[in-house]
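Raw contents of coords.cif, mmCIF, C-alpha atoms and all ligand atoms:
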data_coords
#
loop_
_atom_site.group_PDB
_atom_site.id
_atom_site.type_symbol
_atom_site.label_atom_id
_atom_site.label_comp_id
_atom_site.auth_asym_id
_atom_site.auth_seq_id
_atom_site.Cartn_x
_atom_site.Cartn_y
_atom_site.Cartn_z
ATOM 1 C CA MET A 1026 97.305 198.767 105.593
ATOM 2 C CA ALA A 1027 95.635 196.315 103.222
ATOM 3 C CA ILE A 1028 97.312 194.845 100.147
ATOM 4 C CA SER A 1029 96.068 196.800 97.133
ATOM 5 C CA ILE A 1030 94.775 194.967 94.063
ATOM 6 C CA LYS A 1031 95.716 196.631 90.792
ATOM 7 C CA THR A 1032 93.307 196.877 87.850
ATOM 8 C CA PRO A 1033 94.315 195.581 84.411
ATOM 9 C CA ALA A 1034 95.028 199.160 83.286
ATOM 10 C CA GLU A 1035 97.200 199.779 86.338
ATOM 11 C CA ILE A 1036 99.083 196.534 85.725
ATOM 12 C CA ASP A 1037 99.711 197.719 82.188
ATOM 13 C CA SER A 1038 101.292 200.897 83.580
ATOM 14 C CA MET A 1039 103.447 198.796 85.900
ATOM 15 C CA ARG A 1040 104.497 196.611 82.960
ATOM 16 C CA LEU A 1041 105.851 199.724 81.276
ATOM 17 C CA SER A 1042 107.659 201.072 84.334
ATOM 18 C CA GLY A 1043 109.021 197.602 85.114
ATOM 19 C CA ARG A 1044 110.378 197.034 81.628
ATOM 20 C CA LEU A 1045 112.013 200.463 81.668
ATOM 21 C CA ALA A 1046 113.750 199.646 84.973
ATOM 22 C CA GLY A 1047 115.084 196.443 83.404
ATOM 23 C CA GLU A 1048 116.240 198.395 80.362
ATOM 24 C CA VAL A 1049 118.301 200.726 82.560
ATOM 25 C CA LEU A 1050 120.218 197.643 83.716
ATOM 26 C CA ASP A 1051 120.573 196.479 80.095
ATOM 27 C CA TYR A 1052 121.952 199.911 79.177
ATOM 28 C CA ILE A 1053 124.496 200.036 82.011
ATOM 29 C CA THR A 1054 125.685 196.412 81.776
ATOM 30 C CA PRO A 1055 128.574 196.921 79.292
ATOM 31 C CA LEU A 1056 129.800 199.905 81.333
ATOM 32 C CA VAL A 1057 130.285 197.935 84.574
ATOM 33 C CA GLN A 1058 134.032 197.434 84.146
ATOM 34 C CA PRO A 1059 137.212 197.785 86.204
ATOM 35 C CA GLY A 1060 138.062 201.484 86.688
ATOM 36 C CA VAL A 1061 134.548 202.948 86.477
ATOM 37 C CA THR A 1062 133.179 204.574 89.637
ATOM 38 C CA THR A 1063 129.699 203.887 90.943
ATOM 39 C CA ALA A 1064 129.132 207.673 90.938
ATOM 40 C CA GLU A 1065 129.695 207.598 87.170
ATOM 41 C CA LEU A 1066 127.279 204.657 86.786
ATOM 42 C CA ASP A 1067 124.756 206.623 88.882
ATOM 43 C CA ARG A 1068 125.088 209.680 86.651
ATOM 44 C CA LEU A 1069 124.711 207.621 83.463
ATOM 45 C CA CYS A 1070 121.639 205.777 84.801
ATOM 46 C CA HIS A 1071 120.108 209.036 86.037
ATOM 47 C CA ASP A 1072 120.498 210.688 82.636
ATOM 48 C CA TYR A 1073 119.169 207.600 80.821
ATOM 49 C CA MET A 1074 116.064 207.445 83.036
ATOM 50 C CA VAL A 1075 115.349 211.158 82.865
ATOM 51 C CA ASP A 1076 116.427 212.126 79.327
ATOM 52 C CA VAL A 1077 115.837 208.919 77.332
ATOM 53 C CA GLN A 1078 113.008 207.160 79.180
ATOM 54 C CA GLY A 1079 111.125 210.113 80.684
ATOM 55 C CA CYS A 1080 111.190 208.439 84.100
ATOM 56 C CA ILE A 1081 111.804 209.730 87.607
ATOM 57 C CA PRO A 1082 114.551 207.809 89.494
ATOM 58 C CA ALA A 1083 112.639 206.850 92.650
ATOM 59 C CA PRO A 1084 115.662 206.664 95.008
ATOM 60 C CA LEU A 1085 116.709 210.312 94.529
ATOM 61 C CA ASN A 1086 115.744 212.204 97.716
ATOM 62 C CA TYR A 1087 113.681 209.238 98.919
ATOM 63 C CA ALA A 1088 113.334 209.692 102.696
ATOM 64 C CA PRO A 1089 111.285 207.109 104.557
ATOM 65 C CA PRO A 1090 110.712 207.852 108.279
ATOM 66 C CA GLY A 1091 114.014 207.717 110.182
ATOM 67 C CA TYR A 1092 116.219 208.000 107.079
ATOM 68 C CA PRO A 1093 118.065 211.004 105.633
ATOM 69 C CA PRO A 1094 117.068 211.776 101.998
ATOM 70 C CA TYR A 1095 118.827 209.275 99.703
ATOM 71 C CA PRO A 1096 121.404 211.343 97.770
ATOM 72 C CA LYS A 1097 121.680 209.354 94.506
ATOM 73 C CA SER A 1098 119.494 207.865 91.754
ATOM 74 C CA ILE A 1099 120.545 204.212 92.012
ATOM 75 C CA CYS A 1100 121.873 201.890 94.703
ATOM 76 C CA ALA A 1101 125.281 200.279 94.131
ATOM 77 C CA SER A 1102 126.281 197.668 96.724
ATOM 78 C CA ILE A 1103 129.770 196.193 96.427
ATOM 79 C CA ASN A 1104 131.137 192.933 97.920
ATOM 80 C CA HIS A 1105 130.196 192.918 101.650
ATOM 81 C CA GLN A 1106 127.615 195.665 101.129
ATOM 82 C CA VAL A 1107 124.181 194.068 101.389
ATOM 83 C CA CYS A 1108 121.949 196.802 99.957
ATOM 84 C CA HIS A 1109 121.406 200.580 99.677
ATOM 85 C CA GLY A 1110 125.069 201.212 98.862
ATOM 86 C CA VAL A 1111 125.470 204.903 97.990
ATOM 87 C CA PRO A 1112 127.389 205.464 94.731
ATOM 88 C CA ASN A 1113 130.796 207.103 95.289
ATOM 89 C CA GLU A 1114 134.131 207.939 93.639
ATOM 90 C CA ARG A 1115 135.855 204.629 94.380
ATOM 91 C CA PRO A 1116 136.655 202.837 91.088
ATOM 92 C CA LEU A 1117 135.421 199.267 90.690
ATOM 93 C CA LYS A 1118 138.238 196.767 90.535
ATOM 94 C CA LYS A 1119 138.635 193.308 89.015
ATOM 95 C CA GLY A 1120 137.088 190.729 91.303
ATOM 96 C CA ASP A 1121 134.417 192.994 92.795
ATOM 97 C CA ILE A 1122 130.802 191.878 92.753
ATOM 98 C CA VAL A 1123 128.302 194.723 92.625
ATOM 99 C CA ASN A 1124 124.519 194.942 92.826
ATOM 100 C CA LEU A 1125 122.910 197.764 90.881
ATOM 101 C CA ASP A 1126 119.326 198.448 91.994
ATOM 102 C CA ILE A 1127 117.110 200.560 89.748
ATOM 103 C CA THR A 1128 113.684 201.943 90.629
ATOM 104 C CA THR A 1129 111.800 203.895 87.972
ATOM 105 C CA ILE A 1130 108.638 205.961 88.274
ATOM 106 C CA LYS A 1131 106.700 206.271 85.007
ATOM 107 C CA GLY A 1132 103.266 207.887 85.033
ATOM 108 C CA GLY A 1133 103.291 207.559 88.826
ATOM 109 C CA TRP A 1134 103.896 203.780 88.788
ATOM 110 C CA HIS A 1135 107.036 202.112 90.141
ATOM 111 C CA GLY A 1136 109.278 199.422 88.638
ATOM 112 C CA ASP A 1137 112.010 197.945 90.864
ATOM 113 C CA THR A 1138 114.725 195.495 89.810
ATOM 114 C CA SER A 1139 118.347 194.689 90.578
ATOM 115 C CA ARG A 1140 121.067 192.403 89.260
ATOM 116 C CA MET A 1141 124.555 191.319 90.293
ATOM 117 C CA PHE A 1142 127.538 192.196 88.120
ATOM 118 C CA ILE A 1143 130.915 190.505 88.260
ATOM 119 C CA VAL A 1144 133.699 193.001 87.550
ATOM 120 C CA GLY A 1145 136.284 191.317 85.346
ATOM 121 C CA GLU A 1146 136.834 187.920 86.908
ATOM 122 C CA ALA A 1147 135.658 187.002 90.424
ATOM 123 C CA SER A 1148 136.466 184.208 92.876
ATOM 124 C CA ILE A 1149 134.656 180.883 92.672
ATOM 125 C CA LEU A 1150 132.857 181.720 95.930
ATOM 126 C CA ALA A 1151 131.726 185.127 94.646
ATOM 127 C CA LYS A 1152 130.423 183.645 91.409
ATOM 128 C CA ARG A 1153 128.630 180.855 93.260
ATOM 129 C CA LEU A 1154 127.013 183.326 95.685
ATOM 130 C CA CYS A 1155 125.726 185.436 92.774
ATOM 131 C CA GLN A 1156 124.372 182.357 90.988
ATOM 132 C CA ILE A 1157 122.702 180.785 94.032
ATOM 133 C CA THR A 1158 121.083 184.135 94.888
ATOM 134 C CA HIS A 1159 119.706 184.412 91.347
ATOM 135 C CA GLU A 1160 118.303 180.899 91.743
ATOM 136 C CA CYS A 1161 116.780 181.922 95.097
ATOM 137 C CA LEU A 1162 114.966 184.798 93.376
ATOM 138 C CA TRP A 1163 113.494 182.481 90.752
ATOM 139 C CA LEU A 1164 112.549 179.780 93.258
ATOM 140 C CA GLY A 1165 110.634 182.536 95.075
ATOM 141 C CA ILE A 1166 108.971 183.661 91.837
ATOM 142 C CA ASP A 1167 107.980 180.040 91.136
ATOM 143 C CA GLN A 1168 105.894 179.997 94.325
ATOM 144 C CA VAL A 1169 103.663 182.876 93.207
ATOM 145 C CA LYS A 1170 100.126 181.935 92.174
ATOM 146 C CA PRO A 1171 96.589 182.582 93.434
ATOM 147 C CA GLY A 1172 95.925 180.634 96.610
ATOM 148 C CA ALA A 1173 99.599 180.319 97.570
ATOM 149 C CA ARG A 1174 100.719 182.070 100.767
ATOM 150 C CA LEU A 1175 103.335 184.784 101.085
ATOM 151 C CA GLY A 1176 105.313 182.507 103.429
ATOM 152 C CA ASP A 1177 105.769 179.979 100.623
ATOM 153 C CA ILE A 1178 108.060 182.453 98.859
ATOM 154 C CA GLY A 1179 110.365 183.017 101.832
ATOM 155 C CA ALA A 1180 110.411 179.343 102.729
ATOM 156 C CA ALA A 1181 111.576 178.323 99.245
ATOM 157 C CA ILE A 1182 114.306 180.967 99.273
ATOM 158 C CA GLN A 1183 115.557 180.180 102.778
ATOM 159 C CA ARG A 1184 115.624 176.443 102.174
ATOM 160 C CA TYR A 1185 117.716 176.744 99.026
ATOM 161 C CA ALA A 1186 120.104 179.399 100.386
ATOM 162 C CA GLU A 1187 120.801 177.458 103.573
ATOM 163 C CA ARG A 1188 121.085 174.131 101.744
ATOM 164 C CA ASN A 1189 123.933 175.772 99.851
ATOM 165 C CA GLY A 1190 125.665 176.961 103.021
ATOM 166 C CA PHE A 1191 124.590 180.613 102.776
ATOM 167 C CA SER A 1192 122.390 182.774 105.029
ATOM 168 C CA VAL A 1193 119.348 184.998 104.463
ATOM 169 C CA VAL A 1194 119.313 188.638 105.598
ATOM 170 C CA ARG A 1195 116.301 189.168 107.893
ATOM 171 C CA GLU A 1196 116.082 192.952 108.339
ATOM 172 C CA PHE A 1197 115.164 193.828 104.746
ATOM 173 C CA CYS A 1198 112.500 192.280 102.587
ATOM 174 C CA GLY A 1199 110.576 192.517 99.346
ATOM 175 C CA HIS A 1200 107.574 194.828 99.326
ATOM 176 C CA GLY A 1201 104.326 195.743 97.680
ATOM 177 C CA LEU A 1202 104.886 198.168 94.791
ATOM 178 C CA GLY A 1203 102.603 200.451 92.820
ATOM 179 C CA LEU A 1204 101.953 204.156 93.216
ATOM 180 C CA ASN A 1205 104.188 203.779 96.304
ATOM 181 C CA PHE A 1206 107.829 202.670 96.325
ATOM 182 C CA HIS A 1207 107.199 200.544 99.415
ATOM 183 C CA GLU A 1208 103.704 199.376 100.371
ATOM 184 C CA ASP A 1209 102.092 196.292 101.893
ATOM 185 C CA PRO A 1210 102.801 193.411 101.935
ATOM 186 C CA GLN A 1211 106.257 192.757 103.349
ATOM 187 C CA VAL A 1212 107.747 189.866 101.388
ATOM 188 C CA LEU A 1213 110.102 188.039 103.759
ATOM 189 C CA HIS A 1214 112.875 185.925 102.250
ATOM 190 C CA TYR A 1215 112.642 183.327 105.026
ATOM 191 C CA GLY A 1216 109.754 181.626 106.799
ATOM 192 C CA LYS A 1217 107.380 178.695 106.831
ATOM 193 C CA PRO A 1218 105.306 177.319 103.949
ATOM 194 C CA GLY A 1219 101.546 177.803 104.273
ATOM 195 C CA THR A 1220 101.842 180.919 106.462
ATOM 196 C CA GLY A 1221 101.046 184.569 105.800
ATOM 197 C CA PRO A 1222 98.475 186.274 103.558
ATOM 198 C CA GLU A 1223 96.988 184.414 100.618
ATOM 199 C CA LEU A 1224 98.008 185.659 97.174
ATOM 200 C CA SER A 1225 95.280 186.983 94.856
ATOM 201 C CA PRO A 1226 95.343 188.145 91.232
ATOM 202 C CA GLY A 1227 96.324 191.805 90.881
ATOM 203 C CA MET A 1228 98.720 191.903 93.820
ATOM 204 C CA THR A 1229 102.069 193.456 92.812
ATOM 205 C CA PHE A 1230 105.239 193.137 94.837
ATOM 206 C CA THR A 1231 108.984 192.635 94.656
ATOM 207 C CA ILE A 1232 111.050 189.610 95.569
ATOM 208 C CA GLU A 1233 114.643 190.623 96.339
ATOM 209 C CA PRO A 1234 116.597 188.111 98.422
ATOM 210 C CA MET A 1235 119.813 189.307 100.087
ATOM 211 C CA ILE A 1236 122.026 186.268 100.662
ATOM 212 C CA ASN A 1237 125.297 186.285 102.632
ATOM 213 C CA ALA A 1238 128.276 183.969 102.246
ATOM 214 C CA GLY A 1239 128.816 184.169 106.031
ATOM 215 C CA LYS A 1240 126.427 184.948 108.855
ATOM 216 C CA ALA A 1241 123.069 186.690 108.359
ATOM 217 C CA ALA A 1242 123.744 189.636 110.701
ATOM 218 C CA ILE A 1243 124.089 193.124 109.222
ATOM 219 C CA SER A 1244 125.192 196.601 110.321
ATOM 220 C CA GLU A 1245 124.401 200.065 109.014
ATOM 221 C CA LEU A 1246 127.139 202.516 108.043
ATOM 222 C CA ALA A 1247 127.290 206.103 109.339
ATOM 223 C CA ASP A 1248 125.839 207.470 106.066
ATOM 224 C CA GLY A 1249 122.462 206.241 107.345
ATOM 225 C CA TRP A 1250 121.874 204.068 104.256
ATOM 226 C CA THR A 1251 124.595 201.569 103.378
ATOM 227 C CA ILE A 1252 124.009 198.123 104.881
ATOM 228 C CA VAL A 1253 126.958 195.725 105.247
ATOM 229 C CA THR A 1254 127.394 192.205 106.577
ATOM 230 C CA LYS A 1255 128.480 192.331 110.203
ATOM 231 C CA ASP A 1256 131.191 189.716 109.564
ATOM 232 C CA ARG A 1257 132.199 191.517 106.318
ATOM 233 C CA SER A 1258 131.446 188.385 104.286
ATOM 234 C CA LEU A 1259 130.252 188.756 100.684
ATOM 235 C CA SER A 1260 126.572 189.456 100.022
ATOM 236 C CA ALA A 1261 124.497 189.213 96.850
ATOM 237 C CA GLN A 1262 121.002 190.316 95.820
ATOM 238 C CA TRP A 1263 118.717 189.999 92.794
ATOM 239 C CA GLU A 1264 115.295 191.629 92.456
ATOM 240 C CA HIS A 1265 112.255 191.464 90.205
ATOM 241 C CA SER A 1266 108.816 193.059 90.469
ATOM 242 C CA VAL A 1267 105.941 190.626 89.856
ATOM 243 C CA VAL A 1268 102.149 190.551 89.531
ATOM 244 C CA VAL A 1269 99.944 187.660 90.613
ATOM 245 C CA THR A 1270 97.889 186.593 87.562
ATOM 246 C CA GLU A 1271 94.759 184.377 87.336
ATOM 247 C CA THR A 1272 96.970 181.359 86.648
ATOM 248 C CA GLY A 1273 100.322 182.176 88.267
ATOM 249 C CA VAL A 1274 102.819 184.981 87.992
ATOM 250 C CA GLU A 1275 104.085 187.530 85.499
ATOM 251 C CA VAL A 1276 107.497 189.144 85.986
ATOM 252 C CA LEU A 1277 107.119 192.864 85.299
ATOM 253 C CA THR A 1278 110.803 193.819 85.177
ATOM 254 C CA LEU A 1279 111.992 191.551 82.367
ATOM 255 C CA SER A 1280 113.804 193.218 79.477
ATOM 256 C CA ALA A 1281 115.768 192.026 76.461
ATOM 257 C CA GLY A 1282 119.008 191.797 78.441
ATOM 258 C CA ALA A 1283 117.652 190.269 81.644
ATOM 259 C CA PRO A 1284 119.418 187.011 82.531
ATOM 260 C CA PRO A 1285 116.929 184.218 81.791
ATOM 261 C CA ARG A 1286 115.316 182.050 84.406
ATOM 262 C CA PRO A 1287 118.079 179.648 85.482
ATOM 263 C CA ASN A 1288 117.759 175.864 85.351
ATOM 264 C CA ILE A 1289 117.911 174.827 88.984
ATOM 265 C CA ASN A 1290 119.042 171.374 90.080
HETATM 266 N N1 LIG B 1 115.382 199.707 95.513
HETATM 267 C C1 LIG B 1 115.428 199.347 96.914
HETATM 268 C C2 LIG B 1 114.419 198.244 97.096
HETATM 269 O O1 LIG B 1 114.474 197.331 96.344
HETATM 270 C C3 LIG B 1 115.150 200.478 97.810
HETATM 271 C C4 LIG B 1 116.170 201.534 97.757
HETATM 272 S S1 LIG B 1 115.706 202.834 98.756
HETATM 273 C C5 LIG B 1 116.904 203.971 98.363
HETATM 274 O O2 LIG B 1 113.530 198.258 97.889
HETATM 275 F F1 LIG B 1 116.499 205.093 98.828
HETATM 276 F F2 LIG B 1 118.046 203.552 98.872
HETATM 277 F F3 LIG B 1 117.024 204.019 97.056
HETATM 278 CO CO CO B 2 112.551 196.666 96.094
HETATM 279 CO CO CO B 3 115.196 197.706 94.409
#
Would you mind writing the file's structure down as structure tokens?
Amino acid sequence: MAISIKTPAEIDSMRLSGRLAGEVLDYITPLVQPGVTTAELDRLCHDYMVDVQGCIPAPLNYAPPGYPPYPKSICASINHQVCHGVPNERPLKKGDIVNLDITTIKGGWHGDTSRMFIVGEASILAKRLCQITHECLWLGIDQVKPGARLGDIGAAIQRYAERNGFSVVREFCGHGLGLNFHEDPQVLHYGKPGTGPELSPGMTFTIEPMINAGKAAISELADGWTIVTKDRSLSAQWEHSVVVTETGVEVLTLSAGAPPRPNIN
């Protein structure tokens, strides 16, 4: 399938859906505390999307080929969970790190973003992993401009993650986004500069590096969704949706509470 180019009006629709996805994370941020369950966070985010924003939560009943329908409205991936963690009744505890991943559908258009949350106080390693992964996301975003190649994004992310002693998950990647939750292209978080399709204005996709403190290998749990590190080391992920502009990149999932672009040394 070819990479679709969105019109200015379509990009405007994606700006709205993207901002709303970011605002769900803003809304839930103060509620991510020791003692709350991820099922409760799921319910609150669901009601906010549906009742306040007039959005559809894209994960709910999402069933790509080979997967059972996803049973919840957000993904909540704790500690050694890499991605697609299914919210449950286990309370968060001090020291956990958790990724909350929100995908909205507004007027048919998707917005997809995730952040890491530190519950109470976390270990130095956990905090560093969350920070380096956030920096990886932004180093990837920095590569995006017309004429650049998709491989430039993954190369920048891989180089920085590995330079810091961490590893990049290979089995899951960023993705084209629009009327579909997942469309072409696949945005790998590793690779070689100057390889892959050339970026053109109007392309919209996510960048969502999953970075492990230990080895890169993953396993899938019996629920058919939750992905964990094989060595049970900590994993972190941050995600934004972006559009290639005439001059560079615009991040579609920024909101008032989004952590700003970090200064990277
Ligand atoms: N939001 C995830 C992504 O960034 C996909 C989650 S699929 C779900 O691509 F069904 F688990 F929600
Ligand atoms: Co995504
Ligand atoms: Co996502």
message: Could you list the protein, DNA and RNA residues that have any atom within 8 Å of ligand CO 3 (chain B), counting only C-alpha atoms and all ligand atoms, and write them as a PyMOL selection string?
response: chain A and resi 1100+1126-1128+1137-1139+1233+1264
Test item: residues no farther than 12 Å from ligand CO 2 (chain B), counting only C-alpha atoms and all ligand atoms, as a ChimeraX atom specification: /A:1043,1046,1083-1084,1099-1100,1108-1109,1125-1129,1135-1140,1197-1203,1205-1213,1229-1235,1262-1267,1278
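Here the PyMOL selection byres (((chain A and resi 1194) around 9) and not hetatm) matches the residues Val1107, Ser1192, Val1193, Arg1195, Glu1196, Phe1197, Cys1198, His1214, Tyr1215, Pro1234, Met1235, Ile1236, Asn1237, Lys1240, Ala1241, Ala1242, Ile1243 and Thr1254 of chain A.
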message: Assuming the chain letters and numbering stay as they are in my file, what does the PyMOL selection byres (((chain A and resi 1053-1060) around 6) and not hetatm) actually select? List them as JSON, numbers by chain.
response: {"A": [1050, 1051, 1052, 1061, 1116, 1117, 1118, 1119, 1144]}
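Of the residues listed (A:Val1274, A:Ile1157, A:Ile1149, A:Ala1283), A:Val1274 shows the shortest atom-to-atom separation from A:Met1228; distances use only C-alpha atoms.
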message: Quick check on the file I pasted: which residues fall under the PyMOL selection byres (((chain A and resi 1171) around 7) and not hetatm)? Write them as an MDAnalysis selection string.
response: chainID A and resid 1170 1172:1173 1224:1226 1269 1271:1273
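Shortest atom-to-atom contact with ligand LIG 1 (chain B) among A:Ala1064, A:Met1074, A:Cys1080, A:Val1111: A:Val1111, counting only C-alpha atoms and all ligand atoms.
For the pair atom CA of A:Leu1045 and atom CA of A:Ile1166, the separation is 19.9 Å.
Among A:Pro1285, A:Gly1165, A:Pro1112, A:Gly1219, the residue with the shortest atom-to-atom distance to A:Asn1124, counting all atoms listed in the file, is A:Pro1112.
The gap separating atom CA of A:Cys1155 from atom CA of A:Ala1261 is 5.7 Å, in Å to one decimal.
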With 5 Å of padding per side, what axis-aligned box (centre and edge lengths, Å, one decimal) covers all the listed atoms of ligand LIG 1 (chain B)? Give it as lines of an AutoDock Vina configuration file.
center_x = 115.8
center_y = 201.2
center_z = 97.2
size_x = 14.5
size_y = 17.8
size_z = 13.4
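Here atom CA of A:Asp1072 is placed at a distance of 12.0 Å from atom CA of A:Lys1097.
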field: Neighbours of point (117.7, 210.0, 97.8) within 7 Å, using only C-alpha atoms, written as a ChimeraX atom specification
entry: /A:1084-1088,1094-1098
query: Hey, which of A:Glu1275, A:Asp1037, A:Asp1177, A:Glu1048 ends up closest to A:Val1077? Count all atoms listed in the file.
result: A:Glu1048
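Remark: for ligand LIG 1 (chain B), the closest of the candidate residues A:Asp1076, A:Asp1121, A:Asp1067, A:Glu1187 is A:Asp1067 (distances computed over only C-alpha atoms and all ligand atoms).
Nearest residue to A:Trp1163, choosing from A:Asn1288, A:Ser1148, A:Ser1042, A:Gln1078 and counting only C-alpha atoms: A:Asn1288.
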message: Here's a test: counting all atoms listed in the file, identify every protein, DNA and RNA residue with an atom at most 7 Å from (103.0, 185.7, 107.0) in the file's coordinate frame, and state them as a ChimeraX atom specification.
response: /A:1175-1176,1220-1222
